[in-house]
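Visitor: If it helps, the file is called entry.tsv and holds TSV, N, CA and C atoms:
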chain	number	residue	atom	x	y	z
A	1	MET	N	-17.98	65.76	-56.87
A	1	MET	CA	-18.73	64.54	-56.99
A	1	MET	C	-19.05	64.30	-58.47
A	2	THR	N	-18.79	63.09	-58.92
A	2	THR	CA	-19.05	62.78	-60.32
A	2	THR	C	-20.53	62.48	-60.53
A	3	SER	N	-20.93	62.44	-61.78
A	3	SER	CA	-22.34	62.17	-62.08
A	3	SER	C	-22.71	60.73	-61.71
A	4	LYS	N	-21.77	59.81	-61.81
A	4	LYS	CA	-22.04	58.42	-61.41
A	4	LYS	C	-22.22	58.30	-59.91
A	5	GLU	N	-21.39	59.02	-59.16
A	5	GLU	CA	-21.53	59.02	-57.70
A	5	GLU	C	-22.87	59.64	-57.30
A	6	ARG	N	-23.23	60.73	-57.96
A	6	ARG	CA	-24.50	61.40	-57.67
A	6	ARG	C	-25.68	60.47	-57.98
A	7	ALA	N	-25.61	59.75	-59.10
A	7	ALA	CA	-26.67	58.82	-59.47
A	7	ALA	C	-26.78	57.69	-58.44
A	8	TYR	N	-25.64	57.19	-57.98
A	8	TYR	CA	-25.62	56.13	-56.95
A	8	TYR	C	-26.29	56.64	-55.67
A	9	LEU	N	-25.94	57.85	-55.24
A	9	LEU	CA	-26.51	58.42	-54.02
A	9	LEU	C	-28.00	58.68	-54.18
A	10	ARG	N	-28.42	59.12	-55.37
A	10	ARG	CA	-29.85	59.35	-55.61
A	10	ARG	C	-30.63	58.04	-55.48
A	11	GLY	N	-30.03	56.95	-55.95
A	11	GLY	CA	-30.67	55.65	-55.81
A	11	GLY	C	-30.87	55.25	-54.36
A	12	ILE	N	-29.87	55.50	-53.54
A	12	ILE	CA	-29.98	55.21	-52.11
A	12	ILE	C	-31.03	56.13	-51.47
A	13	ALA	N	-31.06	57.37	-51.89
A	13	ALA	CA	-31.94	58.38	-51.28
A	13	ALA	C	-33.41	58.11	-51.56
A	14	MET	N	-33.70	57.36	-52.61
A	14	MET	CA	-35.11	57.09	-52.95
A	14	MET	C	-35.84	56.39	-51.80
A	15	LYS	N	-35.11	55.59	-51.02
A	15	LYS	CA	-35.72	54.82	-49.94
A	15	LYS	C	-35.72	55.56	-48.60
A	16	MET	N	-35.09	56.72	-48.57
A	16	MET	CA	-34.94	57.46	-47.32
A	16	MET	C	-36.14	58.35	-47.04
A	17	GLU	N	-36.41	58.56	-45.77
A	17	GLU	CA	-37.42	59.52	-45.33
A	17	GLU	C	-36.72	60.78	-44.82
A	18	PRO	N	-37.36	61.94	-44.94
A	18	PRO	CA	-36.75	63.17	-44.41
A	18	PRO	C	-36.55	63.09	-42.90
A	19	THR	N	-35.39	63.58	-42.44
A	19	THR	CA	-35.08	63.55	-41.01
A	19	THR	C	-35.05	64.96	-40.42
A	20	ALA	N	-35.20	65.97	-41.25
A	20	ALA	CA	-35.24	67.35	-40.78
A	20	ALA	C	-36.25	68.12	-41.62
A	21	GLN	N	-36.82	69.18	-41.02
A	21	GLN	CA	-37.82	69.98	-41.72
A	21	GLN	C	-37.50	71.46	-41.59
A	22	VAL	N	-37.68	72.17	-42.70
A	22	VAL	CA	-37.55	73.63	-42.69
A	22	VAL	C	-38.97	74.18	-42.72
A	23	GLY	N	-39.33	74.93	-41.69
A	23	GLY	CA	-40.69	75.45	-41.58
A	23	GLY	C	-40.75	76.95	-41.75
A	24	LYS	N	-41.73	77.56	-41.09
A	24	LYS	CA	-41.96	79.00	-41.20
A	24	LYS	C	-40.76	79.83	-40.73
A	25	ASN	N	-40.04	79.32	-39.75
A	25	ASN	CA	-38.91	80.07	-39.20
A	25	ASN	C	-37.70	80.06	-40.12
A	26	GLY	N	-37.73	79.26	-41.16
A	26	GLY	CA	-36.60	79.21	-42.09
A	26	GLY	C	-35.44	78.41	-41.52
A	27	ILE	N	-34.24	78.78	-41.93
A	27	ILE	CA	-33.04	78.07	-41.51
A	27	ILE	C	-32.52	78.72	-40.23
A	28	THR	N	-32.67	78.00	-39.13
A	28	THR	CA	-32.23	78.51	-37.83
A	28	THR	C	-30.91	77.84	-37.44
A	29	ASP	N	-30.26	78.39	-36.43
A	29	ASP	CA	-29.01	77.80	-35.93
A	29	ASP	C	-29.25	76.39	-35.38
A	30	THR	N	-30.38	76.19	-34.74
A	30	THR	CA	-30.72	74.88	-34.20
A	30	THR	C	-30.88	73.86	-35.32
A	31	LEU	N	-31.54	74.25	-36.39
A	31	LEU	CA	-31.72	73.37	-37.54
A	31	LEU	C	-30.38	73.02	-38.18
A	32	LEU	N	-29.52	74.01	-38.34
A	32	LEU	CA	-28.19	73.77	-38.92
A	32	LEU	C	-27.37	72.82	-38.05
A	33	LYS	N	-27.47	72.97	-36.74
A	33	LYS	CA	-26.74	72.09	-35.84
A	33	LYS	C	-27.27	70.66	-35.95
A	34	GLN	N	-28.59	70.53	-36.03
A	34	GLN	CA	-29.22	69.22	-36.17
A	34	GLN	C	-28.78	68.55	-37.48
A	35	ILE	N	-28.80	69.29	-38.57
A	35	ILE	CA	-28.41	68.76	-39.87
A	35	ILE	C	-26.93	68.37	-39.86
A	36	ASP	N	-26.09	69.21	-39.26
A	36	ASP	CA	-24.66	68.92	-39.17
A	36	ASP	C	-24.40	67.62	-38.42
A	37	GLU	N	-25.10	67.42	-37.30
A	37	GLU	CA	-24.93	66.20	-36.51
A	37	GLU	C	-25.41	64.98	-37.28
A	38	GLN	N	-26.52	65.12	-38.00
A	38	GLN	CA	-27.04	64.00	-38.78
A	38	GLN	C	-26.11	63.64	-39.93
A	39	LEU	N	-25.55	64.64	-40.59
A	39	LEU	CA	-24.60	64.37	-41.67
A	39	LEU	C	-23.36	63.65	-41.16
A	40	GLU	N	-22.91	64.02	-39.98
A	40	GLU	CA	-21.73	63.37	-39.39
A	40	GLU	C	-22.04	61.92	-39.05
A	41	ALA	N	-23.26	61.64	-38.62
A	41	ALA	CA	-23.63	60.28	-38.22
A	41	ALA	C	-24.00	59.39	-39.41
A	42	ARG	N	-24.61	59.98	-40.46
A	42	ARG	CA	-25.16	59.16	-41.54
A	42	ARG	C	-24.57	59.43	-42.92
A	43	GLU	N	-23.90	60.54	-43.09
A	43	GLU	CA	-23.31	60.99	-44.36
A	43	GLU	C	-24.35	61.53	-45.34
A	44	MET	N	-25.54	60.97	-45.40
A	44	MET	CA	-26.54	61.48	-46.33
A	44	MET	C	-27.88	61.57	-45.63
A	45	ILE	N	-28.56	62.71	-45.80
A	45	ILE	CA	-29.87	62.92	-45.18
A	45	ILE	C	-30.80	63.59	-46.18
A	46	LYS	N	-32.09	63.51	-45.86
A	46	LYS	CA	-33.10	64.22	-46.62
A	46	LYS	C	-33.70	65.29	-45.72
A	47	VAL	N	-33.94	66.45	-46.30
A	47	VAL	CA	-34.56	67.56	-45.59
A	47	VAL	C	-35.83	67.92	-46.33
A	48	SER	N	-36.90	68.13	-45.60
A	48	SER	CA	-38.18	68.50	-46.19
A	48	SER	C	-38.43	69.98	-45.94
A	49	VAL	N	-38.81	70.70	-47.01
A	49	VAL	CA	-39.19	72.11	-46.88
A	49	VAL	C	-40.71	72.13	-46.85
A	50	LEU	N	-41.28	72.53	-45.72
A	50	LEU	CA	-42.73	72.55	-45.58
A	50	LEU	C	-43.35	73.57	-46.52
A	51	GLN	N	-44.50	73.24	-47.06
A	51	GLN	CA	-45.14	74.09	-48.04
A	51	GLN	C	-45.60	75.43	-47.46
A	52	ASN	N	-45.87	75.47	-46.15
A	52	ASN	CA	-46.30	76.72	-45.53
A	52	ASN	C	-45.14	77.67	-45.22
A	53	SER	N	-43.91	77.27	-45.56
A	53	SER	CA	-42.75	78.10	-45.24
A	53	SER	C	-42.51	79.21	-46.26
A	54	ASP	N	-43.10	79.11	-47.44
A	54	ASP	CA	-42.93	80.10	-48.52
A	54	ASP	C	-41.48	80.28	-48.94
A	55	LEU	N	-40.65	79.25	-48.77
A	55	LEU	CA	-39.25	79.30	-49.17
A	55	LEU	C	-39.03	78.43	-50.39
A	56	ASP	N	-38.10	78.82	-51.22
A	56	ASP	CA	-37.73	78.04	-52.40
A	56	ASP	C	-36.77	76.93	-51.98
A	57	ALA	N	-37.10	75.70	-52.35
A	57	ALA	CA	-36.30	74.54	-51.93
A	57	ALA	C	-34.86	74.63	-52.43
A	58	LYS	N	-34.66	75.12	-53.64
A	58	LYS	CA	-33.29	75.22	-54.19
A	58	LYS	C	-32.46	76.24	-53.42
A	59	ALA	N	-33.08	77.36	-53.05
A	59	ALA	CA	-32.37	78.38	-52.27
A	59	ALA	C	-32.04	77.85	-50.89
A	60	VAL	N	-32.98	77.14	-50.28
A	60	VAL	CA	-32.75	76.54	-48.97
A	60	VAL	C	-31.61	75.52	-49.05
A	61	ALA	N	-31.62	74.71	-50.10
A	61	ALA	CA	-30.57	73.70	-50.28
A	61	ALA	C	-29.19	74.35	-50.40
A	62	ASN	N	-29.11	75.42	-51.18
A	62	ASN	CA	-27.83	76.12	-51.33
A	62	ASN	C	-27.36	76.71	-50.01
A	63	ASP	N	-28.28	77.30	-49.24
A	63	ASP	CA	-27.91	77.90	-47.95
A	63	ASP	C	-27.43	76.83	-46.96
A	64	ILE	N	-28.18	75.74	-46.86
A	64	ILE	CA	-27.81	74.68	-45.92
A	64	ILE	C	-26.48	74.05	-46.33
A	65	ALA	N	-26.32	73.78	-47.62
A	65	ALA	CA	-25.08	73.16	-48.10
A	65	ALA	C	-23.87	74.03	-47.81
A	66	SER	N	-24.00	75.33	-48.01
A	66	SER	CA	-22.85	76.21	-47.76
A	66	SER	C	-22.55	76.33	-46.27
A	67	GLU	N	-23.58	76.29	-45.43
A	67	GLU	CA	-23.37	76.40	-43.98
A	67	GLU	C	-22.80	75.12	-43.37
A	68	THR	N	-23.12	73.97	-43.96
A	68	THR	CA	-22.69	72.69	-43.37
A	68	THR	C	-21.58	72.02	-44.17
A	69	ASN	N	-21.09	72.66	-45.21
A	69	ASN	CA	-20.06	72.09	-46.08
A	69	ASN	C	-20.49	70.76	-46.69
A	70	ALA	N	-21.77	70.67	-47.04
A	70	ALA	CA	-22.31	69.46	-47.65
A	70	ALA	C	-22.49	69.68	-49.14
A	71	GLU	N	-22.71	68.59	-49.85
A	71	GLU	CA	-22.98	68.67	-51.28
A	71	GLU	C	-24.45	68.33	-51.51
A	72	ILE	N	-25.06	69.02	-52.44
A	72	ILE	CA	-26.45	68.76	-52.79
A	72	ILE	C	-26.48	67.59	-53.76
A	73	VAL	N	-27.16	66.53	-53.37
A	73	VAL	CA	-27.32	65.37	-54.25
A	73	VAL	C	-28.46	65.65	-55.22
A	74	GLN	N	-29.59	66.12	-54.67
A	74	GLN	CA	-30.72	66.48	-55.53
A	74	GLN	C	-31.72	67.32	-54.75
A	75	VAL	N	-32.48	68.09	-55.50
A	75	VAL	CA	-33.64	68.81	-54.97
A	75	VAL	C	-34.81	68.37	-55.83
A	76	LEU	N	-35.76	67.71	-55.20
A	76	LEU	CA	-36.90	67.16	-55.92
A	76	LEU	C	-38.17	67.64	-55.23
A	77	GLY	N	-38.85	68.59	-55.83
A	77	GLY	CA	-40.04	69.16	-55.21
A	77	GLY	C	-39.65	69.92	-53.95
A	78	PHE	N	-40.19	69.47	-52.82
A	78	PHE	CA	-39.89	70.10	-51.54
A	78	PHE	C	-38.90	69.28	-50.71
A	79	LYS	N	-38.25	68.30	-51.33
A	79	LYS	CA	-37.29	67.45	-50.64
A	79	LYS	C	-35.87	67.73	-51.12
A	80	ILE	N	-34.95	67.83	-50.17
A	80	ILE	CA	-33.55	68.10	-50.45
A	80	ILE	C	-32.73	66.92	-49.93
A	81	THR	N	-31.82	66.43	-50.74
A	81	THR	CA	-30.91	65.37	-50.31
A	81	THR	C	-29.51	65.94	-50.26
A	82	LEU	N	-28.86	65.80	-49.09
A	82	LEU	CA	-27.52	66.33	-48.86
A	82	LEU	C	-26.56	65.21	-48.52
A	83	TYR	N	-25.29	65.39	-48.91
A	83	TYR	CA	-24.25	64.39	-48.64
A	83	TYR	C	-22.99	65.09	-48.16
A	84	ARG	N	-22.36	64.49	-47.17
A	84	ARG	CA	-21.04	64.94	-46.71
A	84	ARG	C	-20.31	63.75	-46.12
A	85	VAL	N	-19.05	63.59	-46.48
A	85	VAL	CA	-18.25	62.49	-45.96
A	85	VAL	C	-18.06	62.70	-44.46
A	86	SER	N	-18.33	61.66	-43.69
A	86	SER	CA	-18.19	61.71	-42.25
A	86	SER	C	-16.74	61.53	-41.85
A	87	LYS	N	-16.37	62.14	-40.75
A	87	LYS	CA	-15.01	61.99	-40.22
A	87	LYS	C	-14.91	60.79	-39.28
A	88	LYS	N	-16.06	60.17	-38.97
A	88	LYS	CA	-16.06	59.02	-38.09
A	88	LYS	C	-15.55	57.80	-38.84
A	89	ASP	N	-14.76	56.97	-38.14
A	89	ASP	CA	-14.19	55.78	-38.75
A	89	ASP	C	-15.09	54.56	-38.58
A	90	LYS	N	-15.98	54.59	-37.59
A	90	LYS	CA	-16.75	53.40	-37.25
A	90	LYS	C	-18.01	53.23	-38.10
A	91	ILE	N	-18.30	54.15	-39.01
A	91	ILE	CA	-19.50	54.00	-39.83
A	91	ILE	C	-19.11	53.48	-41.21
A	92	LYS	N	-20.08	52.91	-41.90
A	92	LYS	CA	-19.85	52.44	-43.26
A	92	LYS	C	-20.02	53.64	-44.20
A	93	HIS	N	-18.97	54.00	-44.89
A	93	HIS	CA	-19.02	55.15	-45.78
A	93	HIS	C	-19.74	54.80	-47.08
A	94	LEU	N	-20.54	55.75	-47.57
A	94	LEU	CA	-21.33	55.52	-48.77
A	94	LEU	C	-20.49	55.53	-50.03
A	95	LEU	N	-19.50	56.40	-50.10
A	95	LEU	CA	-18.63	56.48	-51.29
A	95	LEU	C	-17.20	56.17	-50.91
Here is the file; what I need is its structure written in the form of structure tokens.

Guide:
Amino acid sequence: MTSKERAYLRGIAMKMEPTAQVGKNGITDTLLKQIDEQLEAREMIKVSVLQNSDLDAKAVANDIASETNAEIVQVLGFKITLYRVSKKDKIKHLL
């Protein structure tokens, strides 16, 4: 992903709300499945790392990205933005 593409996606992400949360249990199989399904449907999602989880947002972002084959758009505080090109033809692709 180029820096211009990343900047474009960050602009879109500013208006988005988190659709998944990482809590005390950390990254579970259920959470990964949920994130994978959301990425397939929307291409870009935001994930919130709850403050009571005691996890580092950057480490969580790296783990989720590697498990779901997604790219990290940005990590800002406790919010993670992930992007992955969808295989569905009927959605409007972001890039």

Visitor: For Leu50 (chain A), find every residue with an atom within 7 Å (counting only C-alpha atoms), except residues of its own chain fewer than 3 positions away, and show them as a count of residues only.

Guide: 4

Visitor: Take atom C of Ser48 (chain A) and atom C of Ala20 (chain A) and report the distance between them in Å, one decimal.

Guide: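 Result for atom C of Ser48 (chain A) versus atom C of Ala20 (chain A): 5.2 Å, one decimal.
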
Visitor: Tell me, as a list of chain:residue names, which residues lie within 8 Å of Ser86 (chain A), counting only N, CA and C atoms; anything in the same chain fewer than 5 positions away does not count.

Guide: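 The filter keeps A:Leu39, A:Glu40, A:Ala41, A:Arg42, A:Glu43, A:Met44, A:His93, A:Leu94.
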
Visitor: What is the distance, in Å and to one decimal place, between CA of Tyr83 (chain A) and CA of Asn52 (chain A)?

Guide: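 For CA of Tyr83 (chain A) relative to CA of Asn52 (chain A), the distance reads 25.5 Å.
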
Visitor: With distances taken over all atoms listed in the file, which residue among A:Ile64, A:Ile91, A:Val73, A:Leu82 lies nearest Arg6 (chain A)?

Guide: A:Val73

Visitor: If you run DSSP on this backbone, which residues of chain A come out as strand (DSSP E or B), and could you give them as JSON, numbers by chain?

Guide: {"A": [20, 21, 22, 44, 45, 46, 47, 48, 49, 71, 72, 73, 74, 75, 76, 79, 80, 81, 82, 83]}

Visitor: Write the residues of the preceding selection, restricted to N, CA and C atoms, as an mmCIF file, in the frame of the given file.

Guide:
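Result file is result-v9.cif:
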data_model
loop_
_atom_site.group_PDB
_atom_site.id
_atom_site.type_symbol
_atom_site.label_atom_id
_atom_site.label_comp_id
_atom_site.auth_asym_id
_atom_site.auth_seq_id
_atom_site.Cartn_x
_atom_site.Cartn_y
_atom_site.Cartn_z
ATOM 1 N N ALA A 20 -35.200 65.970 -41.250
ATOM 2 C CA ALA A 20 -35.240 67.350 -40.780
ATOM 3 C C ALA A 20 -36.250 68.120 -41.620
ATOM 4 N N GLN A 21 -36.820 69.180 -41.020
ATOM 5 C CA GLN A 21 -37.820 69.980 -41.720
ATOM 6 C C GLN A 21 -37.500 71.460 -41.590
ATOM 7 N N VAL A 22 -37.680 72.170 -42.700
ATOM 8 C CA VAL A 22 -37.550 73.630 -42.690
ATOM 9 C C VAL A 22 -38.970 74.180 -42.720
ATOM 10 N N MET A 44 -25.540 60.970 -45.400
ATOM 11 C CA MET A 44 -26.540 61.480 -46.330
ATOM 12 C C MET A 44 -27.880 61.570 -45.630
ATOM 13 N N ILE A 45 -28.560 62.710 -45.800
ATOM 14 C CA ILE A 45 -29.870 62.920 -45.180
ATOM 15 C C ILE A 45 -30.800 63.590 -46.180
ATOM 16 N N LYS A 46 -32.090 63.510 -45.860
ATOM 17 C CA LYS A 46 -33.100 64.220 -46.620
ATOM 18 C C LYS A 46 -33.700 65.290 -45.720
ATOM 19 N N VAL A 47 -33.940 66.450 -46.300
ATOM 20 C CA VAL A 47 -34.560 67.560 -45.590
ATOM 21 C C VAL A 47 -35.830 67.920 -46.330
ATOM 22 N N SER A 48 -36.900 68.130 -45.600
ATOM 23 C CA SER A 48 -38.180 68.500 -46.190
ATOM 24 C C SER A 48 -38.430 69.980 -45.940
ATOM 25 N N VAL A 49 -38.810 70.700 -47.010
ATOM 26 C CA VAL A 49 -39.190 72.110 -46.880
ATOM 27 C C VAL A 49 -40.710 72.130 -46.850
ATOM 28 N N GLU A 71 -22.710 68.590 -49.850
ATOM 29 C CA GLU A 71 -22.980 68.670 -51.280
ATOM 30 C C GLU A 71 -24.450 68.330 -51.510
ATOM 31 N N ILE A 72 -25.060 69.020 -52.440
ATOM 32 C CA ILE A 72 -26.450 68.760 -52.790
ATOM 33 C C ILE A 72 -26.480 67.590 -53.760
ATOM 34 N N VAL A 73 -27.160 66.530 -53.370
ATOM 35 C CA VAL A 73 -27.320 65.370 -54.250
ATOM 36 C C VAL A 73 -28.460 65.650 -55.220
ATOM 37 N N GLN A 74 -29.590 66.120 -54.670
ATOM 38 C CA GLN A 74 -30.720 66.480 -55.530
ATOM 39 C C GLN A 74 -31.720 67.320 -54.750
ATOM 40 N N VAL A 75 -32.480 68.090 -55.500
ATOM 41 C CA VAL A 75 -33.640 68.810 -54.970
ATOM 42 C C VAL A 75 -34.810 68.370 -55.830
ATOM 43 N N LEU A 76 -35.760 67.710 -55.200
ATOM 44 C CA LEU A 76 -36.900 67.160 -55.920
ATOM 45 C C LEU A 76 -38.170 67.640 -55.230
ATOM 46 N N LYS A 79 -38.250 68.300 -51.330
ATOM 47 C CA LYS A 79 -37.290 67.450 -50.640
ATOM 48 C C LYS A 79 -35.870 67.730 -51.120
ATOM 49 N N ILE A 80 -34.950 67.830 -50.170
ATOM 50 C CA ILE A 80 -33.550 68.100 -50.450
ATOM 51 C C ILE A 80 -32.730 66.920 -49.930
ATOM 52 N N THR A 81 -31.820 66.430 -50.740
ATOM 53 C CA THR A 81 -30.910 65.370 -50.310
ATOM 54 C C THR A 81 -29.510 65.940 -50.260
ATOM 55 N N LEU A 82 -28.860 65.800 -49.090
ATOM 56 C CA LEU A 82 -27.520 66.330 -48.860
ATOM 57 C C LEU A 82 -26.560 65.210 -48.520
ATOM 58 N N TYR A 83 -25.290 65.390 -48.910
ATOM 59 C CA TYR A 83 -24.250 64.390 -48.640
ATOM 60 C C TYR A 83 -22.990 65.090 -48.160
#

Visitor: To one decimal place in Å, what is the distance between atom C of Asp63 (chain A) and atom C of Lys92 (chain A)?

Guide: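 Going from atom C of Asp63 (chain A) over to atom C of Lys92 (chain A), I get 24.5 Å.
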
Visitor: Within 7 Å of Lys79 (chain A), counting all atoms listed in the file, which residues show up once you throw out same-chain ones fewer than 3 positions away? Write them as an NGL selection string, please.

Guide: :A and (46-49 or 57 or 74-76)

Visitor: Which one of A:Met16, A:Gln51, A:Leu9, A:Leu32 sits closest to Ser66 (chain A) if you count only C-alpha atoms?

Guide: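 Looking only at the distances to Ser66 (chain A), the closest residue turns out to be A:Leu32.
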
Visitor: Determine the nearest neighbour of Val60 (chain A) from the options A:Gln38, A:Lys88, A:Ile27, A:Ile45, counting only C-alpha atoms.

Guide: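 Ranking A:Gln38, A:Lys88, A:Ile27, A:Ile45 by distance to Val60 (chain A), first place goes to A:Ile27.
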
Visitor: When you count all atoms listed in the file, which of these residues is closest to Glu71 (chain A): A:Ile35, A:Val85, A:Ala7, A:Ala13?

Guide: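 Counting all atoms listed in the file, the residue closest to Glu71 (chain A) is A:Val85.
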
Visitor: Which residue is closest to Asp56 (chain A)? Choose from A:Phe78, A:Tyr8, A:Ala70, A:Pro18 and count only C-alpha atoms.

Guide: A:Phe78

Visitor: Kindly list the centre and edge lengths in Å, rounded to one decimal, for the axis-aligned box that covers all listed atoms of region 70-78 of chain A plus 6 Å on each of its six sides, as lines of an AutoDock Vina configuration file.

Guide:
center_x = -31.0
center_y = 68.0
center_z = -51.5
size_x = 30.4
size_y = 17.3
size_z = 20.9

Visitor: Just the alpha helix (DSSP H) stuff from chain A, please, per backbone DSSP, written as an NGL selection string.

Guide: :A and (3-13 or 29-42 or 57-68)
